[in-house]
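A quick write-up on the structure given underneath.
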Amino acid sequence: MDVKGVISIEYIILIGFTMGIIIMGASYIGKSNELNIAMSAARNGAIEGANVNSFAIYPESAFDDYMVRKPRLISQSSIKIIKIDYLDQGFNPTYKKRKIQLKIYASAPSVKGTGDRNSLGDRINFYVRKSICEAFGTQNQTNKLFNPAFSDNLLFTTADVQWV
Amino acid sequence: MDNIKIMDNIKMMDNGGALSVDFIFTTLIILIVIGSILTVVAERMAIVGETEELGTARMLAENVAEAINKAYSGGDGHVISIALPPNINEKIYQIRVDPSGVFIEIDGNIGKAYIVPKRISNALNPTSTEVIMLAGKNYNIYNVKDTDGSNRIVITQI
């Protein structure tokens, strides 16, 4: 009995210690995983925005506007997402969450006009924020432009798209 | 002798415990990785569906525009038939043709393909300048010479 008792206590301590490590690890992994999911959603959104721009099939209001002011955008374009960076801007006291600013690098050699590129970039950023909100189910917490986008513990904004 | 048995027991339990912890930790990590991958895959699949819809709509508008341009460049009497699919990605759509181009409307979105001819009408109303082409219907695109000598594109449903 003594022998079993000694082994059992050792085993319990070992399990307890391991569980503590797992819980701490899970907490850390969970936070990292949240950012990973957000970045993955951001990439998906950027690709979706680039696709809409590339095929030049837009919502009616945007289409009518482009017909008058930006006819170049009515035709198809070749748009490629190069990379997506993020900048941790620290704790935001207004929203009580850590603020992450996303910056998308894209290439559109066939579109030269600054105004045209701004419109393409705004659409890419819109789909990035929308995708993040959809990934975390936080569409109801933000405005119709999904700006800022929220996850459970983070908030996301987008810088102007950098054209390379 | 007893001490040796005790040490053997301790070693066995240690080994068993170590294996279990490895297993739990590995399972935890695998579950997290699988969960992340599944999320990414589901999102990518949704994007593929949306991209397919946009791509198909764009191709269809370009095909109609190409048929109109070919009929126009073919000269008087040239006819091209075109069949429109019943839907795009299970969604209904509509094509509108006027002298400025071919417009495809699907799911609240609009795209435009450019055409050359500036005179477009349908057979029912030769004075009209706009033709609506419906999903799932077949159309003939004619090149007809007007009385003033210029060519007109007439689109009729078969």
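Ligands are numbered from 1 in the order shown, chains are lettered A, B, ... in the order of the structure tokens, and residues start at 1 in each chain.
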
Residues of chain B were defined as contacting chain A if any atom lay at most 6 Å from it, counting only C-alpha atoms; please report them as a short mmCIF file (atom, residue, chain, number, x, y, z; two decimals) with C-alpha atoms, in the first residue's frame.
data_model
loop_
_atom_site.label_atom_id
_atom_site.label_comp_id
_atom_site.auth_asym_id
_atom_site.auth_seq_id
_atom_site.Cartn_x
_atom_site.Cartn_y
_atom_site.Cartn_z
CA GLY B 108 -27.09 42.87 -57.44
CA ASN B 109 -23.82 43.21 -59.32
CA ILE B 110 -23.21 44.53 -62.83
CA GLY B 111 -20.43 44.02 -65.34
#

Report as a tab-separated table (two decimals) with C-alpha atoms, in the first residue's frame: the residues of chain B with a DSSP assignment of strand (DSSP E), based on the backbone of this structure.
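File produced: out02.tsv:
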chain	number	residue	atom	x	y	z
B	79	VAL	CA	-26.10	35.38	-88.37
B	80	ILE	CA	-24.70	33.96	-85.14
B	81	SER	CA	-26.71	31.85	-82.72
B	82	ILE	CA	-26.00	31.92	-79.02
B	83	ALA	CA	-27.45	29.84	-76.16
B	93	TYR	CA	-29.03	36.59	-64.20
B	94	GLN	CA	-29.99	38.93	-67.04
B	95	ILE	CA	-28.13	40.41	-69.98
B	96	ARG	CA	-28.94	43.83	-71.37
B	97	VAL	CA	-27.51	44.99	-74.68
B	98	ASP	CA	-27.52	48.60	-75.82
B	101	GLY	CA	-22.16	47.57	-74.53
B	102	VAL	CA	-23.31	44.29	-73.04
B	103	PHE	CA	-24.31	44.50	-69.38
B	104	ILE	CA	-24.69	41.41	-67.22
B	105	GLU	CA	-26.62	41.71	-63.98
B	106	ILE	CA	-26.34	39.02	-61.32
B	109	ASN	CA	-23.82	43.21	-59.32
B	110	ILE	CA	-23.21	44.53	-62.83
B	111	GLY	CA	-20.43	44.02	-65.34
B	112	LYS	CA	-19.94	45.44	-68.82
B	113	ALA	CA	-18.34	44.17	-72.03
B	120	ILE	CA	-28.84	47.56	-81.78
B	121	SER	CA	-32.48	46.52	-81.80
B	122	ASN	CA	-34.72	43.53	-81.35
B	131	VAL	CA	-32.41	44.34	-75.92
B	132	ILE	CA	-32.95	42.18	-72.84
B	133	MET	CA	-31.60	38.62	-73.10
B	134	LEU	CA	-32.98	36.13	-70.60
B	138	ASN	CA	-31.48	30.92	-77.33
B	139	TYR	CA	-30.92	33.95	-79.55
B	140	ASN	CA	-29.99	34.74	-83.14
B	141	ILE	CA	-27.84	37.78	-83.74
B	142	TYR	CA	-28.34	39.18	-87.26
B	143	ASN	CA	-26.44	41.78	-89.23
B	144	VAL	CA	-29.08	43.73	-91.19
B	145	LYS	CA	-28.48	46.58	-93.64
B	151	ASN	CA	-25.55	48.09	-90.67
B	152	ARG	CA	-27.71	47.23	-87.65
B	153	ILE	CA	-27.50	44.33	-85.18
B	154	VAL	CA	-30.88	42.68	-84.60
B	155	ILE	CA	-31.18	40.22	-81.71
B	156	THR	CA	-34.13	37.83	-81.78
B	157	GLN	CA	-35.15	35.08	-79.41

Segment 11-109 of chain B: residues DSSP assigns to helix (DSSP H, G or I), reported as a compact mmCIF listing (two decimals) with N, CA and C atoms, in the first residue's frame:
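The file below, out-v7.txt, is the result:
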# COMPACT_ATOMS: atom_id res chain seq x y z
N LYS B 11 9.49 3.08 -12.22
CA LYS B 11 9.89 3.33 -13.62
C LYS B 11 8.74 3.07 -14.57
N MET B 12 7.99 1.96 -14.29
CA MET B 12 6.86 1.65 -15.18
C MET B 12 5.81 2.77 -15.15
N MET B 13 5.51 3.23 -13.93
CA MET B 13 4.50 4.28 -13.83
C MET B 13 4.99 5.58 -14.47
N ASP B 14 6.29 5.84 -14.28
CA ASP B 14 6.85 7.06 -14.89
C ASP B 14 6.70 6.99 -16.41
N ASN B 15 7.07 5.84 -16.95
CA ASN B 15 6.98 5.70 -18.40
C ASN B 15 5.54 5.86 -18.88
N GLY B 16 4.62 5.18 -18.16
CA GLY B 16 3.21 5.28 -18.55
C GLY B 16 2.72 6.71 -18.50
N GLY B 17 3.09 7.41 -17.40
CA GLY B 17 2.67 8.81 -17.26
C GLY B 17 3.23 9.68 -18.35
N ALA B 18 4.48 9.50 -18.68
CA ALA B 18 5.13 10.32 -19.70
C ALA B 18 4.46 10.12 -21.05
N LEU B 19 4.12 8.90 -21.36
CA LEU B 19 3.46 8.62 -22.64
C LEU B 19 2.09 9.29 -22.71
N SER B 20 1.35 9.24 -21.64
CA SER B 20 0.02 9.84 -21.61
C SER B 20 0.09 11.35 -21.84
N VAL B 21 1.03 11.98 -21.17
CA VAL B 21 1.18 13.44 -21.33
C VAL B 21 1.53 13.78 -22.77
N ASP B 22 2.45 13.00 -23.33
CA ASP B 22 2.79 13.21 -24.75
C ASP B 22 1.55 13.12 -25.62
N PHE B 23 0.78 12.07 -25.33
CA PHE B 23 -0.40 11.83 -26.15
C PHE B 23 -1.41 12.98 -26.04
N ILE B 24 -1.64 13.44 -24.79
CA ILE B 24 -2.60 14.54 -24.58
C ILE B 24 -2.12 15.79 -25.29
N PHE B 25 -0.84 16.09 -25.12
CA PHE B 25 -0.28 17.30 -25.72
C PHE B 25 -0.34 17.24 -27.24
N THR B 26 0.03 16.08 -27.78
CA THR B 26 0.01 15.92 -29.24
C THR B 26 -1.42 16.05 -29.76
N THR B 27 -2.35 15.40 -29.05
CA THR B 27 -3.75 15.46 -29.47
C THR B 27 -4.25 16.90 -29.47
N LEU B 28 -3.88 17.64 -28.41
CA LEU B 28 -4.30 19.05 -28.30
C LEU B 28 -3.81 19.85 -29.51
N ILE B 29 -2.52 19.67 -29.81
CA ILE B 29 -1.94 20.43 -30.92
C ILE B 29 -2.58 20.02 -32.25
N ILE B 30 -2.77 18.70 -32.42
CA ILE B 30 -3.39 18.21 -33.66
C ILE B 30 -4.79 18.80 -33.83
N LEU B 31 -5.55 18.82 -32.72
CA LEU B 31 -6.91 19.37 -32.79
C LEU B 31 -6.90 20.84 -33.19
N ILE B 32 -5.96 21.59 -32.61
CA ILE B 32 -5.86 23.02 -32.95
C ILE B 32 -5.51 23.20 -34.42
N VAL B 33 -4.52 22.41 -34.88
CA VAL B 33 -4.10 22.52 -36.28
C VAL B 33 -5.23 22.14 -37.22
N ILE B 34 -5.92 21.01 -36.92
CA ILE B 34 -7.02 20.57 -37.79
C ILE B 34 -8.13 21.62 -37.81
N GLY B 35 -8.44 22.18 -36.63
CA GLY B 35 -9.47 23.22 -36.56
C GLY B 35 -9.12 24.41 -37.42
N SER B 36 -7.87 24.84 -37.35
CA SER B 36 -7.43 25.99 -38.15
C SER B 36 -7.51 25.67 -39.64
N ILE B 37 -7.04 24.47 -40.01
CA ILE B 37 -7.04 24.09 -41.43
C ILE B 37 -8.47 24.02 -41.96
N LEU B 38 -9.37 23.43 -41.17
CA LEU B 38 -10.76 23.31 -41.62
C LEU B 38 -11.38 24.68 -41.85
N THR B 39 -11.09 25.62 -40.94
CA THR B 39 -11.61 26.98 -41.10
C THR B 39 -11.11 27.59 -42.40
N VAL B 40 -9.79 27.46 -42.63
CA VAL B 40 -9.20 28.03 -43.84
C VAL B 40 -9.80 27.38 -45.08
N VAL B 41 -9.93 26.05 -45.06
CA VAL B 41 -10.45 25.33 -46.23
C VAL B 41 -11.89 25.78 -46.53
N ALA B 42 -12.71 25.88 -45.47
CA ALA B 42 -14.12 26.28 -45.68
C ALA B 42 -14.19 27.68 -46.28
N GLU B 43 -13.36 28.60 -45.77
CA GLU B 43 -13.38 29.97 -46.29
C GLU B 43 -12.90 30.01 -47.73
N ARG B 44 -11.84 29.25 -48.02
CA ARG B 44 -11.31 29.23 -49.39
C ARG B 44 -12.33 28.64 -50.36
N MET B 45 -13.06 27.62 -49.92
CA MET B 45 -14.07 27.01 -50.79
C MET B 45 -15.17 28.02 -51.12
N ALA B 46 -15.54 28.82 -50.12
CA ALA B 46 -16.57 29.85 -50.36
C ALA B 46 -16.07 30.87 -51.37
N ILE B 47 -14.79 31.24 -51.26
CA ILE B 47 -14.21 32.21 -52.20
C ILE B 47 -14.16 31.62 -53.61
N VAL B 48 -13.84 30.33 -53.69
CA VAL B 48 -13.79 29.69 -55.01
C VAL B 48 -15.17 29.76 -55.68
N GLY B 49 -16.23 29.51 -54.90
CA GLY B 49 -17.59 29.59 -55.44
C GLY B 49 -17.92 30.98 -55.94
N GLU B 50 -17.56 32.00 -55.15
CA GLU B 50 -17.84 33.38 -55.55
C GLU B 50 -17.03 33.79 -56.77
N THR B 51 -15.77 33.33 -56.80
CA THR B 51 -14.91 33.64 -57.95
C THR B 51 -15.44 32.99 -59.21
N GLU B 52 -15.91 31.74 -59.07
CA GLU B 52 -16.48 31.04 -60.21
C GLU B 52 -17.69 31.81 -60.77
N GLU B 53 -18.51 32.32 -59.85
CA GLU B 53 -19.69 33.09 -60.27
C GLU B 53 -19.29 34.33 -61.05
N LEU B 54 -18.33 35.09 -60.49
CA LEU B 54 -17.88 36.31 -61.16
C LEU B 54 -17.23 35.99 -62.51
N GLY B 55 -16.39 34.95 -62.51
CA GLY B 55 -15.70 34.57 -63.74
C GLY B 55 -16.66 34.13 -64.83
N THR B 56 -17.64 33.32 -64.44
CA THR B 56 -18.62 32.83 -65.42
C THR B 56 -19.44 33.99 -65.98
N ALA B 57 -19.84 34.91 -65.10
CA ALA B 57 -20.62 36.07 -65.55
C ALA B 57 -19.80 36.92 -66.52
N ARG B 58 -18.56 37.14 -66.19
CA ARG B 58 -17.69 37.94 -67.06
C ARG B 58 -17.51 37.26 -68.42
N MET B 59 -17.27 35.95 -68.39
CA MET B 59 -17.08 35.20 -69.64
C MET B 59 -18.34 35.25 -70.51
N LEU B 60 -19.49 35.13 -69.85
CA LEU B 60 -20.74 35.14 -70.61
C LEU B 60 -20.96 36.49 -71.30
N ALA B 61 -20.71 37.57 -70.56
CA ALA B 61 -20.85 38.91 -71.15
C ALA B 61 -19.88 39.08 -72.32
N GLU B 62 -18.66 38.60 -72.14
CA GLU B 62 -17.66 38.72 -73.21
C GLU B 62 -18.05 37.85 -74.42
N ASN B 63 -18.63 36.68 -74.16
CA ASN B 63 -19.06 35.81 -75.27
C ASN B 63 -20.17 36.47 -76.09
N VAL B 64 -21.14 37.07 -75.41
CA VAL B 64 -22.23 37.75 -76.12
C VAL B 64 -21.66 38.93 -76.92
N ALA B 65 -20.76 39.68 -76.30
CA ALA B 65 -20.14 40.83 -76.99
C ALA B 65 -19.34 40.35 -78.21
N GLU B 66 -18.63 39.23 -78.04
CA GLU B 66 -17.85 38.68 -79.15
C GLU B 66 -18.77 38.25 -80.29
N ALA B 67 -19.90 37.61 -79.96
CA ALA B 67 -20.85 37.18 -80.99
C ALA B 67 -21.41 38.38 -81.74
N ILE B 68 -21.74 39.44 -81.01
CA ILE B 68 -22.27 40.66 -81.64
C ILE B 68 -21.21 41.28 -82.56
N ASN B 69 -19.99 41.36 -82.08
CA ASN B 69 -18.91 41.95 -82.89
C ASN B 69 -18.64 41.12 -84.14
N LYS B 70 -18.68 39.78 -83.97
CA LYS B 70 -18.44 38.91 -85.14
C LYS B 70 -19.55 39.07 -86.16
N ALA B 71 -20.79 39.12 -85.69
CA ALA B 71 -21.92 39.29 -86.63
C ALA B 71 -21.80 40.63 -87.35
N TYR B 72 -21.36 41.65 -86.63
CA TYR B 72 -21.23 42.99 -87.23
C TYR B 72 -20.11 43.00 -88.27
N SER B 73 -18.97 42.41 -87.90
CA SER B 73 -17.84 42.42 -88.84
C SER B 73 -18.07 41.48 -90.01
N GLY B 74 -18.99 40.50 -89.86
CA GLY B 74 -19.28 39.54 -90.94
C GLY B 74 -20.03 40.16 -92.10

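The interatomic distance for the pair atom CA of Lys80 of chain A and atom CA of Lys130 of chain A works out to 19.1 Å.
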
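The shortest atom-to-atom distance to Ser150 of chain B, with only C-alpha atoms taken into account, belongs to B:Pro117 out of B:Pro99, B:Pro117, B:Ala123, B:Thr129.
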
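Between atom CA of Ser78 of chain A and atom CA of Pro109 of chain A the interatomic distance comes to 7.3 Å.
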
Can you pull out the residues contacting Asp116 of chain A? Cut-off 10 Å, using only C-alpha atoms, and skip same-chain residues under 5 positions away; I want them as a tab-separated table (two decimals) with N, CA and C atoms, in the first residue's frame.
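File produced: around.tsv:
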chain	number	residue	atom	x	y	z
A	66	TYR	N	-18.57	54.38	-61.35
A	66	TYR	CA	-17.39	54.16	-62.18
A	66	TYR	C	-17.68	54.46	-63.65
A	69	ARG	N	-17.28	58.37	-63.54
A	69	ARG	CA	-16.05	59.02	-63.07
A	69	ARG	C	-14.77	58.20	-63.30
A	70	LYS	N	-14.90	56.85	-63.35
A	70	LYS	CA	-13.69	56.03	-63.47
A	70	LYS	C	-13.90	54.90	-64.48
A	71	PRO	N	-14.03	55.26	-65.76
A	71	PRO	CA	-14.35	54.23	-66.77
A	71	PRO	C	-13.30	53.13	-66.88
A	72	ARG	N	-12.07	53.43	-66.49
A	72	ARG	CA	-11.03	52.39	-66.57
A	72	ARG	C	-11.41	51.16	-65.72
A	73	LEU	N	-12.11	51.40	-64.62
A	73	LEU	CA	-12.42	50.30	-63.71
A	73	LEU	C	-13.55	49.41	-64.23
A	111	VAL	N	-3.42	49.23	-64.12
A	111	VAL	CA	-4.16	50.39	-63.61
A	111	VAL	C	-3.15	51.41	-63.11
A	121	GLY	N	-8.00	49.70	-54.03
A	121	GLY	CA	-7.46	49.44	-52.69
A	121	GLY	C	-8.52	49.49	-51.61
A	122	ASP	N	-9.43	50.46	-51.73
A	122	ASP	CA	-10.51	50.56	-50.74
A	122	ASP	C	-11.37	49.30	-50.76

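Between atom CA of Ile104 of chain A and atom CA of Asp88 of chain A the separation is 14.8 Å.
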
Pro86 of chain B environment, 8 Å, only C-alpha atoms, sequence neighbours closer than 6 positions dropped, as an NGL selection string: :B and (92 or 135-137)
